[in-house]
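Asks: Input structure: coords16.cif, which contains mmCIF, C-alpha atoms.
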```cif
data_run
loop_
_atom_site.label_atom_id
_atom_site.label_comp_id
_atom_site.auth_asym_id
_atom_site.auth_seq_id
_atom_site.Cartn_x
_atom_site.Cartn_y
_atom_site.Cartn_z
CA MET A 1 5.19 -8.15 -54.61
CA SER A 2 4.14 -4.92 -53.06
CA CYS A 3 0.40 -4.96 -53.69
CA ASP A 4 -1.50 -6.46 -50.76
CA LEU A 5 -4.40 -7.45 -52.96
CA ALA A 6 -2.07 -9.65 -55.03
CA GLN A 7 -2.04 -12.01 -52.08
CA THR A 8 -5.66 -11.74 -51.06
CA ALA A 9 -8.50 -10.39 -53.18
CA VAL A 10 -7.00 -11.64 -56.41
CA HIS A 11 -7.68 -15.20 -55.21
CA GLY A 12 -11.30 -14.48 -54.43
CA TYR A 13 -11.61 -12.84 -57.83
CA PHE A 14 -9.96 -15.74 -59.60
CA ASP A 15 -12.16 -18.26 -57.80
CA GLY A 16 -15.33 -16.33 -58.56
CA GLU A 17 -15.97 -15.73 -54.88
CA LEU A 18 -16.24 -11.94 -54.91
CA ASP A 19 -19.69 -10.41 -55.15
CA ALA A 20 -20.54 -8.33 -58.22
CA VAL A 21 -19.55 -5.06 -56.59
CA GLY A 22 -16.31 -6.47 -55.22
CA ALA A 23 -15.41 -8.02 -58.56
CA ALA A 24 -16.05 -4.79 -60.46
CA GLU A 25 -13.97 -2.88 -57.93
CA PHE A 26 -11.16 -5.37 -58.22
CA GLU A 27 -11.24 -5.24 -62.01
CA ARG A 28 -10.72 -1.49 -61.86
CA HIS A 29 -7.73 -2.04 -59.61
CA LEU A 30 -6.43 -4.86 -61.82
CA GLU A 31 -6.17 -2.59 -64.86
CA ASN A 32 -3.31 -0.67 -63.32
CA CYS A 33 -1.73 -3.22 -60.99
CA ARG A 34 1.10 -5.28 -62.43
CA ASP A 35 1.43 -7.39 -59.29
CA CYS A 36 -2.16 -8.50 -59.46
CA GLN A 37 -2.02 -9.14 -63.20
CA GLU A 38 1.04 -11.29 -62.72
CA SER A 39 -0.48 -13.11 -59.78
CA LEU A 40 -3.62 -13.81 -61.79
CA GLU A 41 -1.57 -15.11 -64.69
CA HIS A 42 0.34 -17.48 -62.39
CA MET A 43 -2.85 -18.83 -60.89
CA ARG A 44 -4.33 -19.39 -64.31
CA SER A 45 -1.39 -21.36 -65.62
CA LEU A 46 -1.16 -23.32 -62.38
CA ARG A 47 -4.82 -24.27 -62.63
CA VAL A 48 -4.48 -25.31 -66.26
CA ALA A 49 -1.40 -27.39 -65.45
CA LEU A 50 -3.11 -29.07 -62.49
CA ARG A 51 -6.26 -29.88 -64.41
CA GLN A 52 -4.45 -31.13 -67.48
CA SER A 53 -2.17 -33.38 -65.50
CA ASP A 54 -4.87 -35.81 -64.53
CA LEU A 55 -4.07 -35.64 -60.83
CA TYR A 56 -7.60 -36.44 -59.71
CA HIS A 57 -7.50 -39.80 -58.03
CA ARG A 58 -10.68 -41.84 -58.41
CA ALA A 59 -11.92 -44.75 -56.33
CA SER A 60 -10.85 -48.08 -57.76
CA ALA A 61 -13.40 -50.63 -58.87
CA ARG A 62 -12.08 -52.90 -56.12
CA LEU A 63 -12.81 -50.34 -53.40
CA ARG A 64 -16.29 -49.71 -54.76
CA ASP A 65 -17.04 -53.42 -54.77
CA GLN A 66 -15.61 -53.94 -51.30
CA ILE A 67 -17.70 -51.14 -49.83
CA ARG A 68 -20.83 -52.45 -51.51
CA ARG A 69 -20.11 -55.91 -50.20
CA ARG A 70 -19.42 -54.78 -46.67
CA LEU A 71 -22.52 -52.61 -46.59
CA LYS A 72 -24.52 -55.38 -48.19
CA LEU A 73 -25.92 -52.83 -50.55
CA GLN A 74 -26.84 -55.41 -53.15
CA GLY A 75 -28.62 -58.57 -52.20
CA THR A 76 -27.17 -60.33 -55.20
CA GLU A 77 -23.84 -59.85 -56.83
CA PRO A 78 -24.50 -57.73 -59.91
CA SER A 79 -23.26 -59.01 -63.22
CA ALA A 80 -20.06 -57.65 -64.65
CA ILE A 81 -21.94 -55.74 -67.29
CA ALA A 82 -24.32 -54.18 -64.78
CA ARG A 83 -21.35 -53.19 -62.61
CA PHE A 84 -19.68 -51.63 -65.59
CA GLY A 85 -22.82 -49.71 -66.39
CA ARG A 86 -23.17 -48.29 -62.95
CA ARG A 87 -19.52 -47.38 -62.74
CA SER A 88 -19.52 -45.68 -66.06
CA LEU A 89 -22.58 -43.75 -64.95
CA LEU A 90 -20.92 -42.66 -61.74
CA ALA A 91 -17.72 -41.84 -63.53
CA LEU A 92 -19.73 -39.96 -66.09
CA VAL A 93 -21.27 -37.76 -63.45
CA LEU A 94 -17.92 -36.97 -61.90
CA THR A 95 -15.29 -36.67 -64.56
CA PRO A 96 -14.20 -33.32 -65.88
CA VAL A 97 -14.81 -34.69 -69.35
CA SER A 98 -18.44 -35.35 -68.57
CA VAL A 99 -18.85 -32.08 -66.73
CA ALA A 100 -17.64 -30.39 -69.87
CA ALA A 101 -19.99 -32.55 -71.91
CA ALA A 102 -22.91 -31.76 -69.61
CA LEU A 103 -22.13 -28.09 -69.93
CA ALA A 104 -21.97 -28.42 -73.67
CA ILE A 105 -25.36 -30.11 -73.64
CA ALA A 106 -26.84 -27.43 -71.44
CA LEU A 107 -25.54 -24.68 -73.68
CA LEU A 108 -26.12 -26.19 -77.07
CA VAL A 109 -29.04 -28.58 -76.78
CA VAL A 110 -30.27 -28.00 -80.26
CA ARG A 111 -26.94 -28.01 -82.03
CA PRO A 112 -26.11 -31.12 -84.02
CA GLY A 113 -23.01 -32.91 -82.89
CA ILE A 114 -24.02 -32.67 -79.27
CA GLN A 115 -24.98 -36.30 -79.24
CA THR A 116 -21.49 -36.97 -80.54
CA THR A 117 -19.92 -34.90 -77.77
CA ARG A 118 -21.79 -36.74 -75.07
CA VAL A 119 -21.18 -40.19 -76.43
CA THR A 120 -17.53 -39.57 -77.20
CA ALA A 121 -17.08 -38.24 -73.67
CA GLU A 122 -18.50 -41.52 -72.43
CA LEU A 123 -16.32 -43.51 -74.78
CA ILE A 124 -13.18 -41.67 -73.68
CA ASP A 125 -14.25 -42.39 -70.14
CA ALA A 126 -14.62 -46.06 -70.93
CA HIS A 127 -11.22 -46.08 -72.59
CA VAL A 128 -9.54 -44.39 -69.61
CA ARG A 129 -11.24 -46.76 -67.21
CA SER A 130 -10.08 -49.73 -69.22
CA LEU A 131 -6.49 -48.64 -68.66
CA GLN A 132 -6.79 -49.35 -64.95
CA PRO A 133 -5.08 -52.60 -64.00
CA GLY A 134 -7.12 -55.65 -64.91
CA HIS A 135 -9.75 -53.75 -66.87
CA LEU A 136 -8.31 -53.68 -70.34
CA THR A 137 -9.79 -56.85 -71.78
CA ASP A 138 -12.37 -59.48 -70.93
CA VAL A 139 -10.92 -61.77 -73.55
CA GLN A 140 -7.23 -61.51 -74.17
CA SER A 141 -5.94 -62.80 -77.45
CA THR A 142 -4.08 -61.65 -80.49
CA ASP A 143 -6.07 -64.15 -82.55
CA GLN A 144 -9.14 -62.68 -84.21
CA HIS A 145 -10.64 -66.17 -84.35
CA THR A 146 -10.59 -66.29 -80.56
CA VAL A 147 -11.82 -62.76 -79.99
CA LYS A 148 -14.69 -62.78 -82.47
CA PRO A 149 -16.49 -65.89 -81.13
CA TRP A 150 -16.13 -64.51 -77.62
CA PHE A 151 -18.65 -61.78 -78.45
CA ASP A 152 -21.09 -64.44 -79.66
CA GLY A 153 -24.21 -64.47 -77.52
CA LYS A 154 -23.05 -61.43 -75.56
CA LEU A 155 -24.20 -58.91 -78.12
CA ASP A 156 -27.07 -58.66 -80.57
CA PHE A 157 -24.69 -57.65 -83.35
CA ILE A 158 -21.39 -58.84 -84.72
CA PRO A 159 -18.49 -56.42 -84.38
CA PRO A 160 -15.81 -56.46 -87.07
CA VAL A 161 -12.74 -58.13 -85.57
CA ALA A 162 -9.43 -58.11 -87.38
CA ASP A 163 -5.78 -58.07 -86.47
CA TYR A 164 -3.56 -55.44 -88.11
CA SER A 165 -0.24 -56.51 -86.62
CA ALA A 166 1.43 -56.33 -90.01
CA GLN A 167 0.48 -52.66 -90.19
CA GLY A 168 1.63 -51.96 -86.64
CA PHE A 169 -1.72 -52.27 -84.85
CA GLU A 170 -1.70 -55.45 -82.84
CA LEU A 171 -5.00 -56.91 -81.66
CA VAL A 172 -4.76 -57.31 -77.87
CA GLY A 173 -8.26 -58.48 -77.01
CA GLY A 174 -11.84 -57.40 -76.50
CA ARG A 175 -14.28 -56.46 -73.80
CA LEU A 176 -17.86 -55.32 -73.30
CA ASP A 177 -18.64 -51.76 -72.31
CA VAL A 178 -21.91 -49.99 -71.68
CA VAL A 179 -22.14 -46.63 -73.39
CA ASP A 180 -25.17 -44.42 -73.71
CA GLY A 181 -27.17 -47.19 -72.05
CA HIS A 182 -26.30 -49.80 -74.68
CA ASN A 183 -23.84 -52.63 -74.88
CA VAL A 184 -20.93 -51.86 -77.13
CA ALA A 185 -18.10 -54.07 -78.29
CA ALA A 186 -14.67 -52.73 -77.47
CA LEU A 187 -11.64 -54.10 -79.26
CA VAL A 188 -8.23 -53.28 -77.91
CA TYR A 189 -5.28 -52.61 -80.18
CA GLY A 190 -1.69 -51.99 -79.21
CA ARG A 191 0.33 -49.39 -81.06
CA ARG A 192 3.93 -49.35 -79.85
CA LYS A 193 3.43 -48.88 -76.09
CA HIS A 194 0.02 -47.26 -76.46
CA THR A 195 -3.45 -48.67 -76.24
CA ILE A 196 -6.27 -47.95 -78.65
CA SER A 197 -9.92 -48.73 -77.94
CA PHE A 198 -12.09 -49.45 -80.95
CA PHE A 199 -15.79 -49.26 -80.09
CA ALA A 200 -18.49 -50.73 -82.31
CA TRP A 201 -22.25 -50.74 -81.91
CA PRO A 202 -25.30 -50.67 -84.17
CA ALA A 203 -26.43 -47.18 -85.22
CA ARG A 204 -29.72 -46.76 -83.33
CA ASP A 205 -31.72 -44.40 -85.45
CA SER A 206 -31.56 -41.78 -88.13
CA HIS A 207 -29.45 -39.45 -86.01
CA GLY A 208 -26.36 -41.53 -85.53
CA LEU A 209 -23.10 -39.89 -84.64
CA SER A 210 -21.77 -37.61 -87.29
CA ALA A 211 -18.32 -38.35 -88.65
CA MET A 212 -16.15 -36.27 -86.37
CA SER A 213 -12.81 -36.37 -84.70
CA GLY A 214 -11.18 -34.34 -82.02
CA SER A 215 -9.14 -34.46 -78.90
CA ARG A 216 -10.00 -34.13 -75.25
CA HIS A 217 -7.70 -34.14 -72.26
CA GLY A 218 -4.91 -35.59 -74.32
CA TYR A 219 -7.00 -38.34 -75.91
CA ASN A 220 -7.67 -38.31 -79.61
CA TRP A 221 -10.93 -39.70 -80.87
CA SER A 222 -12.60 -40.26 -84.18
CA THR A 223 -16.11 -41.46 -84.79
CA TRP A 224 -17.87 -42.47 -87.99
CA GLN A 225 -20.73 -44.53 -89.33
CA SER A 226 -20.40 -47.30 -91.86
CA GLY A 227 -23.44 -49.18 -93.09
CA ASP A 228 -25.67 -49.66 -90.05
CA MET A 229 -22.77 -49.68 -87.62
CA GLN A 230 -21.32 -46.89 -85.56
CA TYR A 231 -17.61 -46.85 -84.76
CA CYS A 232 -15.31 -44.84 -82.54
CA LEU A 233 -11.56 -44.94 -81.91
CA VAL A 234 -10.08 -43.49 -78.73
CA SER A 235 -6.43 -43.35 -77.77
CA ASP A 236 -3.51 -41.24 -76.70
CA VAL A 237 -1.72 -42.05 -79.96
CA SER A 238 -1.50 -39.31 -82.57
CA ALA A 239 -4.50 -38.33 -84.68
CA ALA A 240 -2.54 -39.59 -87.68
CA ASP A 241 -2.24 -43.07 -86.13
CA ILE A 242 -5.96 -43.06 -85.40
CA GLY A 243 -6.65 -42.06 -88.98
CA GLU A 244 -4.43 -44.88 -90.19
CA LEU A 245 -6.27 -47.50 -88.15
CA LYS A 246 -9.60 -46.08 -89.26
CA GLY A 247 -8.44 -46.51 -92.86
CA LEU A 248 -7.53 -50.14 -92.19
CA ILE A 249 -10.86 -50.90 -90.55
CA ASN A 250 -12.81 -49.32 -93.40
CA ARG A 251 -10.79 -51.04 -96.07
CA MET B 252 -45.46 -44.46 -23.21
CA GLN B 253 -42.41 -46.69 -22.92
CA PRO B 254 -42.41 -48.52 -26.29
CA PRO B 255 -42.29 -45.42 -28.54
CA VAL B 256 -39.29 -44.14 -26.61
CA VAL B 257 -37.50 -47.46 -27.05
CA LEU B 258 -38.27 -47.41 -30.75
CA LEU B 259 -36.92 -43.91 -31.02
CA MET B 260 -33.74 -44.96 -29.25
CA ALA B 261 -33.27 -47.88 -31.58
CA GLY B 262 -33.52 -45.52 -34.49
CA GLN B 263 -30.82 -43.30 -33.05
CA GLN B 264 -28.34 -46.02 -32.34
CA GLY B 265 -27.08 -46.06 -35.86
CA VAL B 266 -28.83 -49.17 -37.09
CA PRO B 267 -29.60 -48.15 -40.67
CA GLN B 268 -33.14 -48.75 -41.83
CA PRO B 269 -33.79 -50.30 -45.27
CA GLU B 270 -34.80 -46.93 -46.70
CA ASP B 271 -31.58 -45.48 -45.33
CA LYS B 272 -29.69 -48.01 -47.38
CA ILE B 273 -31.22 -46.68 -50.55
CA ARG B 274 -30.68 -43.07 -49.53
CA PHE B 275 -27.06 -43.77 -48.62
CA GLU B 276 -26.49 -45.42 -51.95
CA GLN B 277 -28.08 -42.54 -53.82
CA LEU B 278 -26.79 -39.59 -51.81
CA VAL B 279 -23.43 -40.58 -50.42
CA LEU B 280 -21.84 -43.25 -52.61
CA PRO B 281 -21.72 -41.02 -55.72
CA HIS B 282 -19.14 -38.92 -53.84
CA LEU B 283 -16.75 -41.80 -53.32
CA ASP B 284 -14.35 -40.48 -55.97
CA GLY B 285 -14.17 -37.11 -54.25
CA ALA B 286 -13.53 -38.80 -50.92
CA VAL B 287 -10.74 -40.93 -52.35
CA ASN B 288 -9.14 -37.98 -54.11
CA LEU B 289 -9.07 -35.92 -50.93
CA ALA B 290 -7.64 -38.85 -48.94
CA ARG B 291 -5.05 -39.56 -51.60
CA TRP B 292 -3.69 -36.03 -51.40
CA LEU B 293 -3.88 -35.86 -47.63
CA LEU B 294 -2.17 -39.22 -47.06
CA ARG B 295 0.02 -39.05 -50.19
CA SER B 296 -0.57 -42.72 -50.81
CA PRO B 297 -3.29 -44.23 -53.00
CA ALA B 298 -3.26 -47.52 -51.08
CA ASP B 299 -3.58 -45.90 -47.64
CA ALA B 300 -6.24 -43.59 -49.05
CA GLU B 301 -8.41 -46.52 -50.13
CA ASP B 302 -8.04 -48.23 -46.73
CA VAL B 303 -8.92 -45.12 -44.77
CA VAL B 304 -11.82 -44.25 -47.07
CA GLN B 305 -13.26 -47.73 -46.77
CA GLU B 306 -13.32 -47.55 -42.98
CA ALA B 307 -14.64 -43.99 -43.07
CA LEU B 308 -17.44 -45.03 -45.41
CA LEU B 309 -18.53 -47.77 -43.05
CA ARG B 310 -18.51 -45.31 -40.18
CA ALA B 311 -20.46 -42.80 -42.24
CA TYR B 312 -23.00 -45.51 -42.92
CA ARG B 313 -23.39 -46.29 -39.24
CA PHE B 314 -23.93 -42.64 -38.46
CA PHE B 315 -26.05 -41.96 -41.49
CA ASP B 316 -29.10 -41.29 -39.35
CA ARG B 317 -27.30 -38.18 -38.13
CA PHE B 318 -27.21 -36.81 -41.64
CA ARG B 319 -30.16 -34.44 -41.81
CA GLY B 320 -30.12 -33.50 -45.44
CA GLY B 321 -27.96 -30.76 -46.90
CA ASP B 322 -24.75 -31.29 -48.79
CA ALA B 323 -24.00 -35.03 -48.79
CA ARG B 324 -20.64 -34.53 -50.47
CA ALA B 325 -19.44 -32.10 -47.82
CA TRP B 326 -20.80 -34.40 -45.11
CA LEU B 327 -18.94 -37.43 -46.44
CA MET B 328 -15.74 -35.56 -47.17
CA GLN B 329 -15.74 -34.07 -43.70
CA ILE B 330 -15.87 -37.58 -42.22
CA VAL B 331 -13.16 -38.81 -44.56
CA ARG B 332 -10.97 -35.83 -43.81
CA ASN B 333 -11.25 -36.40 -40.07
CA ALA B 334 -10.39 -40.05 -40.58
CA CYS B 335 -7.33 -39.02 -42.58
CA TYR B 336 -6.09 -36.66 -39.89
CA SER B 337 -6.61 -39.29 -37.19
CA TRP B 338 -4.66 -41.74 -39.33
CA LEU B 339 -1.84 -39.24 -39.85
CA GLU B 340 -1.73 -38.43 -36.13
CA LYS B 341 -1.35 -42.11 -35.36
CA LYS B 342 0.95 -43.25 -38.17
CA ARG B 343 2.91 -40.19 -39.18
CA PRO B 344 2.63 -37.63 -36.40
CA SER B 345 5.79 -35.83 -37.50
CA GLU B 346 4.15 -34.97 -40.76
CA LEU B 347 1.56 -32.79 -39.13
CA MET B 348 4.27 -30.87 -37.29
CA THR B 349 6.49 -30.05 -40.25
CA GLU B 350 5.35 -27.06 -42.17
CA PHE B 351 7.33 -28.00 -45.24
CA ASN B 352 8.49 -31.47 -46.06
CA GLU B 353 12.22 -31.07 -46.53
CA GLU B 354 12.91 -34.67 -47.35
CA LEU B 355 10.53 -34.77 -50.27
CA HIS B 356 11.53 -31.33 -51.36
CA HIS B 357 15.20 -32.21 -51.47
CA ARG B 358 14.66 -35.28 -53.54
CA GLU B 359 14.19 -32.89 -56.45
CA GLY B 360 17.91 -32.25 -56.32
CA GLU B 361 19.12 -35.76 -57.14
CA ALA B 362 20.15 -35.90 -60.76
CA THR B 363 20.03 -39.59 -61.62
CA PRO B 364 18.88 -40.49 -65.11
CA GLU B 365 15.60 -41.72 -63.67
CA THR B 366 14.79 -38.54 -61.82
CA LEU B 367 15.81 -36.51 -64.82
CA ALA B 368 13.42 -38.48 -66.98
CA ALA B 369 10.67 -38.15 -64.40
CA ARG B 370 11.31 -34.45 -64.06
CA ALA B 371 10.65 -33.99 -67.71
CA ASP B 372 7.18 -35.19 -67.02
CA GLU B 373 4.92 -32.31 -66.06
CA ARG B 374 2.61 -34.55 -64.14
CA GLN B 375 5.38 -35.98 -61.99
CA ARG B 376 6.71 -32.52 -61.37
CA LEU B 377 3.35 -31.23 -60.18
CA MET B 378 2.64 -34.33 -58.14
CA ARG B 379 5.93 -34.05 -56.26
CA ALA B 380 5.50 -30.35 -55.71
CA LEU B 381 2.01 -30.89 -54.34
CA GLU B 382 3.15 -33.71 -52.11
CA SER B 383 5.92 -31.62 -50.64
CA LEU B 384 3.43 -29.09 -49.28
CA PRO B 385 2.02 -29.24 -45.75
CA ALA B 386 -1.21 -31.22 -45.31
CA ARG B 387 -3.36 -28.12 -44.98
CA SER B 388 -2.09 -26.69 -48.26
CA ARG B 389 -2.52 -30.03 -50.01
CA GLU B 390 -6.10 -30.37 -48.91
CA VAL B 391 -7.26 -26.90 -49.89
CA LEU B 392 -5.57 -27.23 -53.29
CA ALA B 393 -7.07 -30.67 -53.87
CA LEU B 394 -10.50 -29.38 -52.88
CA ARG B 395 -10.35 -26.17 -54.90
CA GLU B 396 -8.33 -27.09 -57.99
CA LEU B 397 -9.12 -30.78 -58.40
CA GLU B 398 -12.54 -31.18 -56.79
CA GLY B 399 -13.75 -27.70 -57.76
CA CYS B 400 -15.23 -26.87 -54.33
CA SER B 401 -16.44 -23.38 -53.48
CA TYR B 402 -14.99 -21.52 -50.48
CA LYS B 403 -18.14 -22.34 -48.56
CA GLU B 404 -17.76 -26.05 -49.28
CA ILE B 405 -14.08 -25.96 -48.37
CA ALA B 406 -14.97 -24.31 -45.07
CA GLU B 407 -17.62 -26.93 -44.41
CA ILE B 408 -15.32 -29.85 -45.18
CA THR B 409 -12.17 -28.64 -43.47
CA GLY B 410 -13.57 -26.61 -40.63
CA ILE B 411 -11.42 -23.66 -41.70
CA PRO B 412 -13.46 -20.50 -40.99
CA ILE B 413 -14.91 -19.24 -44.25
CA GLY B 414 -13.17 -15.92 -43.72
CA THR B 415 -9.75 -17.56 -43.87
CA VAL B 416 -10.29 -19.98 -46.77
CA MET B 417 -9.04 -17.35 -49.19
CA SER B 418 -5.82 -16.65 -47.30
CA THR B 419 -5.20 -20.37 -46.76
CA LEU B 420 -5.58 -20.95 -50.48
CA SER B 421 -3.40 -17.95 -51.25
CA ARG B 422 -0.62 -19.37 -49.07
CA ALA B 423 -0.99 -22.83 -50.57
CA ARG B 424 -0.83 -21.53 -54.14
CA GLU B 425 2.18 -19.40 -53.35
CA ARG B 426 3.95 -22.40 -51.81
CA LEU B 427 3.19 -24.58 -54.79
CA GLN B 428 4.35 -21.89 -57.18
CA ARG B 429 7.56 -21.43 -55.21
CA THR B 430 8.26 -25.16 -55.14
CA LEU B 431 7.71 -25.45 -58.87
CA THR B 432 9.90 -22.45 -59.61
CA ALA B 433 12.67 -23.81 -57.39
CA ALA B 434 12.47 -27.19 -59.10
CA ALA B 435 12.57 -25.60 -62.54
CA ARG B 436 15.56 -23.50 -61.54
CA LYS B 437 17.43 -26.56 -60.29
CA GLU B 438 16.68 -28.34 -63.51
CA ALA B 439 17.98 -25.44 -65.54
CA SER B 440 21.23 -25.13 -63.62
#
```
Mind turning the file's structure into structure tokens?

Replies:
Amino acid sequence: MSCDLAQTAVHGYFDGELDAVGAAEFERHLENCRDCQESLEHMRSLRVALRQSDLYHRASARLRDQIRRRLKLQGTEPSAIARFGRRSLLALVLTPVSVAAALAIALLVVRPGIQTTRVTAELIDAHVRSLQPGHLTDVQSTDQHTVKPWFDGKLDFIPPVADYSAQGFELVGGRLDVVDGHNVAALVYGRRKHTISFFAWPARDSHGLSAMSGSRHGYNWSTWQSGDMQYCLVSDVSAADIGELKGLINR
Amino acid sequence: MQPPVVLLMAGQQGVPQPEDKIRFEQLVLPHLDGAVNLARWLLRSPADAEDVVQEALLRAYRFFDRFRGGDARAWLMQIVRNACYSWLEKKRPSELMTEFNEELHHREGEATPETLAARADERQRLMRALESLPARSREVLALRELEGCSYKEIAEITGIPIGTVMSTLSRARERLQRTLTAAARKEAS
């Protein structure tokens, strides 16, 4: 590379650190400089690769608890659900997913579907968190007659619990999550080596989540309403697999 | 006039007041993830990172009365970074001397079925490439690309003069790019 700027100013430009005059000046230079164009292209693909590879390493729940304990930050040991709530809130503030969701909210407050974006971001978060060792299930059983009663008394609604092993979706267990400030039931299904979270909670008011699906950071999700219940599936399995499970649940 | 002075001293000795506890919890603890991420990339070990961060957090808490407002994230990460470098100096001093970690870098060359499978994985490839860089490159890349810090924040956390953050980042990116290209070339041949 022969252009000096390809090693210097291009970085400041790429990182948004040049002032308006500097940036405009650099853009004029960029038009005719192959070195800088190439350098910029490399940086872009590197950034995309780094951000998509999930290299950000978060504090484990164990570390968080240990620090709280050693600092005596809580007089009493908070309940598992309260801990979950706080963690999901913290995680929500810090994850790229939620940053994107927050941005979306800021930009499109009045657009419908925003509620969906925010809640699905939280659900994906909850799913990812559940994949950490020891977090997947609170009750572990492939028997729907064990899992269903477990939710009794923990929730003010009854989630639909069924095993679809015959169709290739094996019930693994269930857990409680807190999403959007409310308790939700999370059922865990195994699909080959992958894990699927199925979230269920009562639709709060007239503006429930619209039926939507999409993908975010490699996770596919699909949300829909049925009767007075709201459902969402999140997993790294294909959208087709998610659609299949959705079909089974709705059957 | 003696008692007020004594009181003032007590306040400065790092005995956190109850209201400090709440402030610490609200201002500092939310940045725990950022602290752990930085430590993980500096120490190249998630387990060591958690140990060092835990001790650093307790120290930060003891010295919380020295925090006079401003950027709590930068304040915490600065403390964690210093703790990481002290740990490296003590446990792996050679690492801070080597500009480029040959041992890690060369591991890319082994062509066992396992490494071939791992190499196919983009994440593994990036992780190894990042880990083979010198500590200073790892930290600026983790701060800029993963944590999303501005140059000013990077300068504050690392103590690198703000004027040289850009060139440090430029060098780090070039190194990472070179490592990735070399690895890809080896794979192709």

Asks: Show me, as a PyMOL selection string, every residue of chain B with an atom at most 9 Å from chain A, counting only C-alpha atoms.

Replies: chain B and resi 272-273+276+280-289+291-292+297+301-302+304-306+308-309+312+373-375+377-378+393+395-398+401-402+417-418+420-422+424-425+427-428

Asks: Work out how far atom CA of B:Glu407 is from atom CA of B:Asp299, in Å to one decimal.

Replies: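 Result for atom CA of B:Asp299 versus atom CA of B:Glu407: 23.8 Å, one decimal.
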
Asks: Taking the file as shown, what set of residues would the PyMOL selection byres ((chain A and resi 149) around 12) give back, as an NGL selection string?

Replies: :A and (139 or 141 or 143-148 or 150-155 or 157-161 or 173-174)

Asks: Rank nothing, just name the residue among B:Arg343, B:Arg379, B:Arg324, B:Arg319 nearest to B:Gln277, using all atoms listed in the file.

Replies: B:Arg324

Asks: Near stretch 189-196 of chain A, within 8 Å and counting all atoms listed in the file, which residues show up once chain neighbours fewer than 3 positions away are dropped, as number ranges by chain?

Replies: A: 168-173, 233-237

Asks: Suppose you want the space between atom CA of A:Leu40 and atom CA of A:Arg216; what is it in Å?

Replies: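 Pair atom CA of A:Leu40 / atom CA of A:Arg216 returns 25.2 Å.
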
Asks: Figure out the distance between atom CA of B:Thr419 and atom CA of B:Arg310, please, to one decimal in Å.

Replies: 29.0 Å

Asks: I'd like the contact shell of A:Ser238 - 10 Å cut-off, all atoms listed in the file, skipping same-chain residues fewer than 2 positions apart - returned as a list in words.

Replies: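 Near A:Ser238, the qualifying residues are Ser215, Gly218, Tyr219, Asn220, Trp221, Ser235, Asp236, Ala240, Asp241, Ile242, Gly243 and Glu244 of chain A.
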